[in-house]
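Peer 1: Please find work.cif (mmCIF, C-alpha atoms and all ligand atoms) on the next line:
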data_my_file
loop_
_atom_site.label_atom_id
_atom_site.label_comp_id
_atom_site.auth_asym_id
_atom_site.auth_seq_id
_atom_site.Cartn_x
_atom_site.Cartn_y
_atom_site.Cartn_z
CA MET J 7 -59.99 -9.31 0.82
CA ILE J 8 -56.84 -7.57 1.96
CA VAL J 9 -53.53 -9.06 0.95
CA ALA J 10 -50.56 -7.78 2.93
CA LYS J 11 -47.12 -6.86 1.62
CA GLY J 12 -45.31 -9.67 -0.13
CA SER J 13 -48.59 -10.95 -1.41
CA ALA J 14 -50.50 -11.00 -4.64
CA GLU J 15 -51.05 -7.27 -4.61
CA ALA J 16 -47.35 -6.75 -4.48
CA GLY J 17 -46.70 -9.49 -7.00
CA ALA J 18 -46.15 -7.30 -10.02
CA ALA J 19 -43.82 -4.99 -8.17
CA GLU J 20 -41.95 -7.92 -6.69
CA THR J 21 -41.47 -9.53 -10.07
CA ALA J 22 -40.24 -6.30 -11.60
CA ALA J 23 -37.89 -5.71 -8.73
CA ALA J 24 -36.61 -9.27 -8.86
CA LYS J 25 -35.93 -8.97 -12.58
CA LYS J 26 -34.15 -5.70 -12.05
CA THR J 27 -32.00 -7.24 -9.37
CA ALA J 28 -31.20 -10.22 -11.54
CA ALA J 29 -30.48 -8.04 -14.53
CA GLY J 30 -27.85 -5.87 -13.10
CA GLY J 31 -26.96 -4.69 -9.71
CA ARG J 32 -27.27 -7.97 -7.86
CA THR J 33 -23.61 -8.31 -6.99
CA ALA J 34 -23.09 -4.67 -6.18
CA ALA J 35 -26.32 -4.48 -4.23
CA ALA J 36 -25.45 -7.61 -2.32
CA ARG J 37 -22.04 -6.32 -1.40
CA LYS J 38 -23.54 -3.02 -0.34
CA ALA J 39 -26.25 -4.74 1.66
CA THR J 40 -23.72 -6.92 3.44
CA ALA J 41 -21.43 -4.06 4.29
CA GLU J 42 -24.31 -1.84 5.29
CA GLY J 43 -25.97 -4.59 7.26
CA ARG J 44 -22.89 -5.40 9.27
CA THR J 45 -21.97 -1.74 9.78
CA ALA J 46 -25.49 -0.86 10.76
CA LEU J 47 -25.59 -3.68 13.28
CA ALA J 48 -22.26 -2.71 14.78
CA LYS J 49 -23.31 0.95 14.94
CA LYS J 50 -26.66 0.01 16.36
CA ALA J 51 -25.13 -2.15 19.07
CA ALA J 52 -22.70 0.66 19.95
CA ALA J 53 -25.41 3.32 19.90
CA ALA J 54 -27.66 1.18 22.03
CA LYS J 55 -24.92 0.90 24.61
CA LYS J 56 -24.36 4.70 24.59
CA THR J 57 -27.97 5.75 24.73
CA THR J 58 -29.17 3.53 27.51
CA ALA J 59 -30.47 5.34 30.55
CA GLY J 60 -28.32 6.04 33.54
CA GLY J 61 -29.17 2.94 35.47
CA ARG J 62 -28.65 0.74 32.48
CA THR J 63 -25.34 2.40 31.59
CA ALA J 64 -24.12 1.80 35.08
CA ALA J 65 -25.28 -1.75 34.93
CA ALA J 66 -23.65 -2.23 31.53
CA LYS J 67 -20.39 -0.90 32.91
CA LYS J 68 -20.71 -3.35 35.73
CA THR J 69 -21.18 -6.10 33.19
CA THR J 70 -18.01 -5.08 31.37
CA ALA J 71 -16.13 -4.92 34.62
CA ALA J 72 -17.43 -8.32 35.58
CA LYS J 73 -16.33 -9.73 32.23
CA LYS J 74 -12.86 -8.25 32.60
CA ALA J 75 -12.56 -9.50 36.13
CA THR J 76 -13.41 -13.02 35.23
CA GLY J 77 -11.69 -12.94 31.86
CA ALA J 78 -14.31 -15.33 30.67
CA LYS J 79 -16.72 -14.61 27.85
CA LYS J 80 -19.51 -16.92 28.62
CA THR J 81 -19.56 -17.53 32.30
CA THR J 82 -22.65 -17.81 34.36
CA GLY J 83 -21.58 -14.68 36.18
CA ALA J 84 -21.46 -12.66 32.97
CA GLN J 85 -24.88 -13.94 32.00
CA LYS J 86 -26.26 -12.85 35.32
CA SER J 87 -24.68 -9.40 35.01
CA ALA J 88 -26.13 -8.88 31.57
CA GLY J 89 -29.49 -10.13 32.70
CA ASN J 90 -29.52 -7.75 35.58
CA ALA J 91 -28.38 -4.95 33.27
CA ALA J 92 -31.57 -5.32 31.30
CA ALA J 93 -33.73 -5.76 34.36
CA GLU J 94 -32.17 -2.88 36.24
CA GLY J 95 -32.12 -0.57 33.26
CA SER J 96 -35.76 -0.94 32.57
CA ALA J 97 -37.17 -1.48 35.98
CA GLY J 98 -34.83 -0.05 38.42
CA ALA J 99 -33.59 3.35 37.34
CA GLY J 100 -32.43 5.00 40.48
CA SER J 101 -31.72 1.80 42.28
CA GLY J 102 -28.03 2.46 41.76
CA GLY J 103 -27.56 -1.23 41.42
CA ALA J 104 -27.44 -1.66 45.18
CA ALA J 105 -30.34 -4.01 45.57
CA ARG J 106 -31.31 -6.02 42.53
CA LYS J 107 -35.06 -6.00 42.48
CA PRO J 108 -36.93 -8.39 40.26
CA GLU J 109 -38.25 -6.63 37.19
CA SER J 110 -41.81 -5.41 37.63
CA HIS J 111 -44.46 -6.36 35.09
CA LEU J 112 -44.72 -2.75 33.97
CA ALA J 113 -40.97 -2.52 33.45
CA MET J 114 -41.00 -5.75 31.45
CA VAL J 115 -43.79 -4.39 29.23
CA ARG J 116 -41.82 -1.18 28.61
CA ARG J 117 -38.68 -3.17 27.83
CA ALA J 118 -40.65 -5.47 25.50
CA ARG J 119 -42.07 -2.54 23.58
CA ARG J 120 -38.64 -1.00 23.29
CA ILE J 121 -37.26 -4.24 21.89
CA TYR J 122 -40.09 -4.21 19.36
CA ARG J 123 -39.24 -0.65 18.30
CA GLU J 124 -35.52 -1.38 18.08
CA LEU J 125 -36.17 -4.45 15.94
CA GLY J 126 -38.27 -2.24 13.67
CA GLU J 127 -35.17 -0.19 12.98
CA VAL J 128 -32.98 -3.24 12.42
CA PHE J 129 -35.51 -5.03 10.19
CA PRO J 130 -37.72 -2.31 8.63
CA TYR J 131 -38.34 -4.74 5.79
CA ALA J 132 -39.41 -7.72 7.96
CA HIS J 133 -41.98 -9.76 6.05
CA PRO J 134 -43.38 -13.29 5.71
CA GLU J 135 -40.65 -15.43 4.20
CA LEU J 136 -42.89 -17.70 2.17
CA ASP J 137 -43.48 -16.80 -1.48
CA PHE J 138 -47.21 -16.54 -2.24
CA ARG J 139 -49.60 -14.69 -4.53
CA ASN J 140 -52.95 -15.35 -2.84
CA PRO J 141 -54.39 -16.77 0.41
CA PHE J 142 -54.59 -20.32 -0.98
CA GLU J 143 -50.90 -20.33 -1.88
CA LEU J 144 -49.97 -18.98 1.55
CA LEU J 145 -52.10 -21.60 3.27
CA VAL J 146 -50.53 -24.43 1.27
CA ALA J 147 -46.99 -23.03 1.70
CA THR J 148 -47.48 -22.71 5.46
CA VAL J 149 -48.69 -26.31 5.75
CA LEU J 150 -45.63 -27.41 3.75
CA SER J 151 -43.28 -25.39 5.98
CA ALA J 152 -43.68 -27.77 8.93
CA GLN J 153 -40.33 -29.39 9.78
CA THR J 154 -38.46 -27.65 6.97
CA THR J 155 -37.18 -24.22 5.98
CA ASP J 156 -39.17 -21.54 4.18
CA LEU J 157 -36.40 -21.62 1.58
CA ARG J 158 -37.09 -25.26 0.76
CA VAL J 159 -40.82 -24.56 0.53
CA ASN J 160 -40.23 -21.57 -1.76
CA GLN J 161 -38.08 -23.72 -4.01
CA THR J 162 -40.84 -26.34 -4.18
CA THR J 163 -44.04 -24.35 -4.61
CA PRO J 164 -43.53 -22.82 -8.10
CA ARG J 165 -43.99 -26.23 -9.76
CA LEU J 166 -46.75 -27.19 -7.34
CA PHE J 167 -48.84 -24.06 -7.98
CA ALA J 168 -48.22 -24.29 -11.73
CA ALA J 169 -49.76 -27.79 -11.65
CA TYR J 170 -52.55 -27.07 -9.13
CA PRO J 171 -53.38 -23.36 -8.96
CA THR J 172 -56.76 -23.65 -7.17
CA PRO J 173 -58.28 -25.72 -4.36
CA GLU J 174 -60.44 -27.50 -6.93
CA ASP J 175 -57.36 -28.48 -8.97
CA MET J 176 -55.46 -29.68 -5.92
CA ALA J 177 -58.41 -31.61 -4.49
CA ALA J 178 -58.58 -33.57 -7.76
CA ALA J 179 -54.85 -34.34 -7.85
CA ALA J 180 -53.53 -37.89 -7.96
CA PRO J 181 -51.92 -38.43 -4.53
CA GLU J 182 -48.74 -39.92 -5.95
CA GLU J 183 -48.24 -36.94 -8.27
CA LEU J 184 -48.75 -34.50 -5.42
CA GLU J 185 -46.35 -36.50 -3.26
CA GLU J 186 -43.70 -36.32 -5.93
CA LEU J 187 -44.03 -32.55 -6.27
CA ILE J 188 -43.78 -31.82 -2.56
CA ARG J 189 -41.22 -34.52 -1.72
CA PRO J 190 -38.37 -31.95 -1.20
CA THR J 191 -40.21 -30.51 1.82
CA GLY J 192 -40.09 -33.82 3.76
CA PHE J 193 -42.95 -35.72 5.43
CA PHE J 194 -44.50 -35.65 1.97
CA ARG J 195 -47.05 -38.43 2.56
CA ALA J 196 -48.61 -36.75 5.59
CA LYS J 197 -48.43 -33.34 3.89
CA THR J 198 -50.10 -34.74 0.75
CA LYS J 199 -52.94 -36.00 2.91
CA SER J 200 -53.33 -32.56 4.50
CA LEU J 201 -53.26 -30.75 1.15
CA LEU J 202 -55.83 -33.07 -0.41
CA GLY J 203 -58.03 -32.77 2.69
CA LEU J 204 -57.84 -29.01 3.02
CA SER J 205 -58.35 -28.44 -0.72
CA ALA J 206 -61.45 -30.64 -0.68
CA ALA J 207 -62.74 -28.83 2.42
CA LEU J 208 -62.20 -25.45 0.76
CA ARG J 209 -64.01 -26.66 -2.34
CA ASP J 210 -66.91 -28.30 -0.47
CA ARG J 211 -67.42 -26.05 2.56
CA PHE J 212 -66.07 -22.63 1.60
CA ASP J 213 -66.91 -22.27 -2.12
CA GLY J 214 -63.27 -22.74 -3.07
CA GLU J 215 -62.14 -19.71 -1.02
CA VAL J 216 -59.83 -19.60 1.99
CA PRO J 217 -61.91 -18.38 4.95
CA GLY J 218 -60.74 -15.26 6.79
CA ARG J 219 -61.67 -16.40 10.31
CA LEU J 220 -59.52 -18.32 12.77
CA GLU J 221 -62.37 -20.57 13.87
CA ASP J 222 -62.95 -21.67 10.25
CA LEU J 223 -59.28 -22.03 9.34
CA VAL J 224 -58.50 -24.40 12.21
CA THR J 225 -61.22 -26.81 11.00
CA LEU J 226 -59.17 -27.49 7.85
CA PRO J 227 -57.01 -30.65 7.82
CA GLY J 228 -53.39 -29.91 8.74
CA VAL J 229 -54.18 -26.34 9.84
CA GLY J 230 -53.46 -25.40 13.45
CA ARG J 231 -53.48 -22.07 15.24
CA LYS J 232 -49.99 -21.12 14.06
CA THR J 233 -50.81 -21.70 10.39
CA ALA J 234 -54.15 -19.92 10.79
CA ASN J 235 -52.45 -16.86 12.29
CA VAL J 236 -49.88 -16.74 9.48
CA VAL J 237 -52.67 -16.75 6.90
CA LEU J 238 -54.83 -14.24 8.77
CA GLY J 239 -51.98 -11.82 9.39
CA ASN J 240 -50.44 -11.92 5.94
CA ALA J 241 -53.26 -12.68 3.54
CA PHE J 242 -56.19 -10.98 5.26
CA GLY J 243 -54.65 -8.17 7.30
CA VAL J 244 -56.17 -9.64 10.48
CA PRO J 245 -53.62 -9.24 13.31
CA GLY J 246 -52.15 -12.53 14.48
CA ILE J 247 -49.20 -13.69 16.61
CA THR J 248 -47.23 -16.53 15.05
CA VAL J 249 -45.64 -18.62 17.77
CA ASP J 250 -43.14 -20.74 15.86
CA THR J 251 -39.91 -22.18 17.24
CA HIS J 252 -38.03 -18.85 16.84
CA PHE J 253 -40.74 -16.74 18.40
CA GLY J 254 -41.13 -19.03 21.42
CA ARG J 255 -37.38 -19.22 22.02
CA LEU J 256 -36.81 -15.46 21.81
CA VAL J 257 -39.69 -14.33 23.97
CA ARG J 258 -38.57 -16.76 26.65
CA ARG J 259 -35.02 -15.41 26.41
CA TRP J 260 -36.43 -11.93 26.83
CA LYS J 261 -38.55 -13.02 29.82
CA TRP J 262 -41.78 -11.91 28.20
CA THR J 263 -43.17 -15.29 29.22
CA GLU J 264 -42.13 -18.43 31.00
CA GLN J 265 -44.60 -20.61 29.13
CA ASP J 266 -43.66 -23.38 26.71
CA ASP J 267 -47.11 -24.08 25.36
CA PRO J 268 -47.54 -21.99 22.16
CA GLU J 269 -51.11 -20.97 23.02
CA LYS J 270 -50.05 -19.71 26.45
CA VAL J 271 -47.06 -17.91 24.92
CA GLU J 272 -49.42 -16.28 22.43
CA ALA J 273 -51.74 -15.15 25.24
CA ASP J 274 -48.88 -13.70 27.32
CA VAL J 275 -47.43 -11.77 24.39
CA ALA J 276 -50.86 -10.62 23.22
CA ALA J 277 -51.29 -8.96 26.62
CA ILE J 278 -48.11 -6.89 26.12
CA PHE J 279 -48.79 -5.42 22.67
CA PRO J 280 -51.74 -3.73 21.00
CA LYS J 281 -53.48 -5.98 18.51
CA SER J 282 -52.48 -3.75 15.61
CA GLU J 283 -48.81 -4.65 16.21
CA TRP J 284 -49.17 -8.42 16.38
CA THR J 285 -48.34 -9.30 12.77
CA ASP J 286 -45.34 -6.96 12.51
CA LEU J 287 -44.16 -8.14 15.91
CA SER J 288 -44.19 -11.73 14.67
CA HIS J 289 -42.14 -10.83 11.60
CA ARG J 290 -39.56 -8.82 13.50
CA VAL J 291 -39.06 -11.44 16.20
CA ILE J 292 -38.79 -14.27 13.70
CA PHE J 293 -36.35 -12.26 11.55
CA HIS J 294 -34.19 -11.64 14.60
CA GLY J 295 -34.31 -15.32 15.55
CA ARG J 296 -33.30 -16.46 12.08
CA ARG J 297 -30.50 -13.96 11.58
CA ILE J 298 -29.00 -13.10 14.95
CA CYS J 299 -30.51 -14.84 17.99
CA HIS J 300 -30.02 -18.44 16.87
CA ALA J 301 -31.10 -21.45 18.90
CA ARG J 302 -27.63 -22.83 19.59
CA LYS J 303 -25.29 -19.93 18.97
CA PRO J 304 -26.91 -16.52 19.41
CA ALA J 305 -24.69 -13.73 18.06
CA CYS J 306 -24.86 -11.64 21.25
CA GLY J 307 -21.71 -9.67 20.35
CA CYS J 308 -23.50 -8.23 17.29
CA CYS J 309 -26.93 -7.93 18.82
CA PRO J 310 -28.50 -4.46 18.61
CA ILE J 311 -30.83 -5.17 21.51
CA ALA J 312 -28.20 -6.66 23.83
CA PRO J 313 -28.69 -3.92 26.48
CA LEU J 314 -32.35 -4.88 26.69
CA CYS J 315 -31.81 -8.63 26.84
CA PRO J 316 -31.70 -10.59 30.09
CA SER J 317 -30.07 -13.49 28.23
CA TYR J 318 -27.08 -11.56 26.87
CA GLY J 319 -24.07 -13.85 27.08
CA GLU J 320 -26.00 -17.01 26.21
CA GLY J 321 -24.20 -16.84 22.88
CA GLU J 322 -20.97 -15.52 21.41
CA THR J 323 -20.10 -12.10 22.89
CA ASP J 324 -16.95 -11.40 20.89
CA PRO J 325 -18.10 -9.00 18.13
CA GLU J 326 -15.82 -10.43 15.45
CA LYS J 327 -16.77 -14.01 16.16
CA ALA J 328 -20.43 -13.06 16.52
CA ALA J 329 -20.40 -11.32 13.10
CA LYS J 330 -19.53 -14.66 11.49
CA LEU J 331 -22.71 -16.17 12.91
CA LEU J 332 -25.04 -13.71 11.16
CA LYS J 333 -27.30 -15.19 8.51
CA TYR J 334 -29.19 -14.20 5.38
CA GLU J 335 -28.86 -10.52 4.44
CA LYS J 336 -27.17 -9.67 7.73
CA GLY J 337 -24.36 -12.06 6.86
CA GLY J 338 -24.32 -11.17 3.15
CA PHE J 339 -26.09 -14.36 2.06
CA PRO J 340 -29.22 -14.92 -0.06
CA GLY J 341 -32.58 -14.73 1.70
CA GLN J 342 -35.30 -17.38 1.80
CA ARG J 343 -37.63 -15.98 -0.83
CA LEU J 344 -37.12 -16.45 -4.54
CA SER J 345 -39.29 -13.35 -4.98
CA PRO J 346 -38.55 -11.11 -2.01
CA PRO J 347 -40.40 -7.80 -1.54
CA PRO J 348 -38.84 -4.78 -3.31
CA ASP J 349 -37.52 -3.30 -0.05
CA TYR J 350 -35.61 -6.44 0.93
CA PRO J 351 -31.93 -5.43 1.01
CA GLY J 352 -30.51 -8.94 0.47
CA LYS J 353 -30.20 -11.30 -2.48
CA PRO J 354 -33.12 -13.50 -3.65
CA ALA J 355 -32.90 -17.21 -2.86
CA PRO J 356 -31.76 -19.52 -5.67
CA PRO J 357 -34.25 -21.90 -7.36
CA LEU J 358 -34.28 -25.60 -6.42
CA GLY J 359 -31.12 -27.35 -7.50
CA GLU J 360 -29.03 -24.20 -7.69
CA THR J 361 -26.64 -23.38 -4.93
CA ALA J 362 -26.67 -20.11 -3.08
CA GLN J 363 -24.15 -17.27 -3.75
S1 LIG S 401 -28.51 -12.52 20.49
FE1 LIG S 401 -27.98 -12.63 22.69
S2 LIG S 401 -28.30 -10.52 23.41
FE2 LIG S 401 -29.36 -10.69 21.46
S3 LIG S 401 -31.46 -11.21 21.94
FE3 LIG S 401 -30.36 -13.14 21.60
S4 LIG S 401 -29.64 -13.82 23.61
FE4 LIG S 401 -30.21 -11.64 23.78
#
In structure tokens, write the structure found in this file.
Peer 2:
Amino acid sequence: MIVAKGSAEAGAAETAAAKKTAAGGRTAAARKATAEGRTALAKKAAAAKKTTAGGRTAAAKKTTAAKKATGAKKTTGAQKSAGNAAAEGSAGAGSGGAARKPESHLAMVRRARRIYRELGEVFPYAHPELDFRNPFELLVATVLSAQTTDLRVNQTTPRLFAAYPTPEDMAAAAPEELEELIRPTGFFRAKTKSLLGLSAALRDRFDGEVPGRLEDLVTLPGVGRKTANVVLGNAFGVPGITVDTHFGRLVRRWKWTEQDDPEKVEADVAAIFPKSEWTDLSHRVIFHGRRICHARKPACGCCPIAPLCPSYGEGETDPEKAAKLLKYEKGGFPGQRLSPPPDYPGKPAPPLGETAQ
């Protein structure tokens, strides 16, 4: 059984690293990470602008000119210019911007893969943001993460797993005790039902082990395709695309798909990338969605992939204002994991009841 980074195999290293961080350099490291994060993003955004190909540079200039002409930061016109910048740059080199052709499928695929590579440079440490030490813990944590943040789940699971470390233990739990332990994650009655059901199913049908196949995982109570892919990708090393709210929003903004249905989104994106990239792709996209490309206020002015994004201008384009929208390590704040991987440049999340910072 393969356990990916951030998992049980990395547990000892994570613990040591967390202790080290707590012991000493947390403040200094955090300051450094913040400064470096912001500087890196600014540099990255500037470099991206400089290094774009001829067509894209021309289109970007046009965008700037359009912005100046209108004097407005978030007008529909500016959005269109930025959108065309991405489309022209990737699809239409040589078009000179005269006729704006729709982006070809091939050009979109090339642009998508470039976004993936760029995000790899921005988030080389992208990882699952649920704390777990084995497949069972990841499965339970993922079920609990519905309708709440990974942070809240991570603050809740230490007590839960101390009380019920195995499927057999959890299947035998008194419902009201389980409810009380997972109450902070919300919807605790429905989630208790799922946890009792899936633990009993693991005990009775899978010898107390989490199965490593999608078709088995989705037969467990409370486990859908998204949860199954999270577990497969991060606890078994089986490539999976996780279409959560961030992933769906971003890939639609990038015009990788027009679908809303998660399964159709997954199929469209799966056709763009080799299978071996699916899990890392999910992490990078979700990291970008949580830190920079937010649902309501994307930080476009600080976005390192702005020249590749057809939706540039949907959010704040002023770099100073955009910088204030950055979250987690990119904004100098604690992350979501109480035990982040050793390469995570931000601060660990605080335990339940303690405030961040
Ligand atoms: S932050 Fe703005 S420019 Fe960046 S990916 Fe999101 S919508 Fe596009």
Peer 1: For chain J versus ligand LIG 401 (chain S), which residues have an atom no more than 7 Å away, and what is each residue's nearest atom pair and distance in Å rounded to one decimal, using only C-alpha atoms and all ligand atoms, chain-then-number order, as CSV?
Peer 2:
residue,atom,partner,partner_atom,distance
J:Leu256,CA,S:LIG401,S3,6.8
J:Arg259,CA,S:LIG401,S4,6.3
J:Trp260,CA,S:LIG401,FE4,6.9
J:Ile298,CA,S:LIG401,S1,5.6
J:Cys299,CA,S:LIG401,S1,4.0
J:Pro304,CA,S:LIG401,S1,4.4
J:Ala305,CA,S:LIG401,S1,4.7
J:Cys306,CA,S:LIG401,FE1,3.6
J:Cys309,CA,S:LIG401,FE2,4.5
J:Pro310,CA,S:LIG401,FE2,6.9
J:Ile311,CA,S:LIG401,FE2,5.7
J:Ala312,CA,S:LIG401,S2,3.9
J:Cys315,CA,S:LIG401,FE4,4.6
J:Pro316,CA,S:LIG401,FE4,6.6
J:Ser317,CA,S:LIG401,S4,4.7
J:Tyr318,CA,S:LIG401,S2,3.8
J:Gly319,CA,S:LIG401,FE1,6.0
J:Glu320,CA,S:LIG401,S4,5.5
J:Gly321,CA,S:LIG401,FE1,5.7
Peer 1: Provide the atom CA of Phe242 of chain J to atom CA of Arg195 of chain J distance in Å, to one decimal place.
Peer 2: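 According to the coordinates, atom CA of Phe242 of chain J and atom CA of Arg195 of chain J are separated by 29.1 Å.
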Peer 1: Distance cut-off 10 Å, centre (-45.9, -2.2, 18.2) in file coordinates, counting all atoms listed in the file: which residues qualify? Return them as a PDB file with C-alpha atoms, keeping the file's coordinate frame.
Peer 2:
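Output below, filename out_26.pdb:
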ATOM      1  CA  ALA J 118     -40.650  -5.470  25.500  1.00  0.00           C
ATOM      2  CA  ARG J 119     -42.070  -2.540  23.580  1.00  0.00           C
ATOM      3  CA  ARG J 120     -38.640  -1.000  23.290  1.00  0.00           C
ATOM      4  CA  ILE J 121     -37.260  -4.240  21.890  1.00  0.00           C
ATOM      5  CA  TYR J 122     -40.090  -4.210  19.360  1.00  0.00           C
ATOM      6  CA  ARG J 123     -39.240  -0.650  18.300  1.00  0.00           C
ATOM      7  CA  GLY J 126     -38.270  -2.240  13.670  1.00  0.00           C
ATOM      8  CA  ILE J 278     -48.110  -6.890  26.120  1.00  0.00           C
ATOM      9  CA  PHE J 279     -48.790  -5.420  22.670  1.00  0.00           C
ATOM     10  CA  PRO J 280     -51.740  -3.730  21.000  1.00  0.00           C
ATOM     11  CA  LYS J 281     -53.480  -5.980  18.510  1.00  0.00           C
ATOM     12  CA  SER J 282     -52.480  -3.750  15.610  1.00  0.00           C
ATOM     13  CA  GLU J 283     -48.810  -4.650  16.210  1.00  0.00           C
ATOM     14  CA  TRP J 284     -49.170  -8.420  16.380  1.00  0.00           C
ATOM     15  CA  THR J 285     -48.340  -9.300  12.770  1.00  0.00           C
ATOM     16  CA  ASP J 286     -45.340  -6.960  12.510  1.00  0.00           C
ATOM     17  CA  LEU J 287     -44.160  -8.140  15.910  1.00  0.00           C
TER      18      LEU J 287
END
Peer 1: Please, what distance in Å, to one decimal, runs between atom CA of Asp222 of chain J and atom CA of Val237 of chain J?
Peer 2: 11.9 Å
Peer 1: Skipping near chain neighbours, those fewer than 4 positions away, what residues fall within 8 Å of Phe142 of chain J using all atoms listed in the file, listed as a list in words?
Peer 2: Val146, Thr172, Pro173, Glu215 and Val216 of chain J
Peer 1: So the first atom is atom CA of Asp349 of chain J and the second is atom CA of Leu166 of chain J; what is the distance between them in Å, to one decimal place?
Peer 2: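 Atom CA of Leu166 of chain J lies at a distance of 26.6 Å from atom CA of Asp349 of chain J.
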Peer 1: Which residue is closest to Ala179 of chain J? Choose from J:Ala196, J:Leu157, J:Leu202, J:Ala132 and count all atoms listed in the file.
Peer 2: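 For Ala179 of chain J, the nearest of the candidates is J:Leu202.
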Peer 1: Could you check which of J:Pro134, J:Pro348, J:Pro181, J:Gly341 is closest to Lys199 of chain J, using all atoms listed in the file?
Peer 2: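 Result for the nearest residue to Lys199 of chain J: J:Pro181.
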Peer 1: Given only C-alpha atoms as the basis, pick out the residue of J:Val257, J:Tyr170, J:His300, J:Ser151 nearest to Val236 of chain J.
Peer 2: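 Under the stated criterion, the closest residue is J:Ser151.
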Peer 1: For Arg117 of chain J, which residue among J:Pro164, J:Pro313, J:Pro347, J:Pro325 is the nearest when counting all atoms listed in the file?
Peer 2: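 Among J:Pro164, J:Pro313, J:Pro347, J:Pro325, it is J:Pro313 that comes nearest to Arg117 of chain J.
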Peer 1: Using all atoms listed in the file, find the one residue out of J:Cys308, J:Pro130, J:Glu322, J:Arg297 that sits nearest to Phe339 of chain J.
Peer 2: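 Looking at the shortest contact to Phe339 of chain J, the residue is J:Arg297.
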Peer 1: Pick out the closest residue to Leu331 of chain J from this set: J:Arg255, J:Lys270, J:Arg296, J:Lys232. Count all atoms listed in the file.
Peer 2: J:Arg296
Peer 1: Please give the centre and size of the box around segment 293-306 of chain J (axis-aligned, containing every atom listed in the file, 8 Å added per side), with values in Å to one decimal and written as AutoDock Vina command-line options.
Peer 2:
--center_x -30.5 --center_y -17.2 --center_z 16.4 --size_x 27.7 --size_y 27.2 --size_z 25.7
Peer 1: Please identify all polymer residues within 10 Å of Ala234 of chain J, counting only C-alpha atoms, omitting same-chain residues fewer than 2 positions from it, and present them as a PyMOL selection string.
Peer 2: chain J and resi 145+148-149+217-226+229-232+236-239+246-248
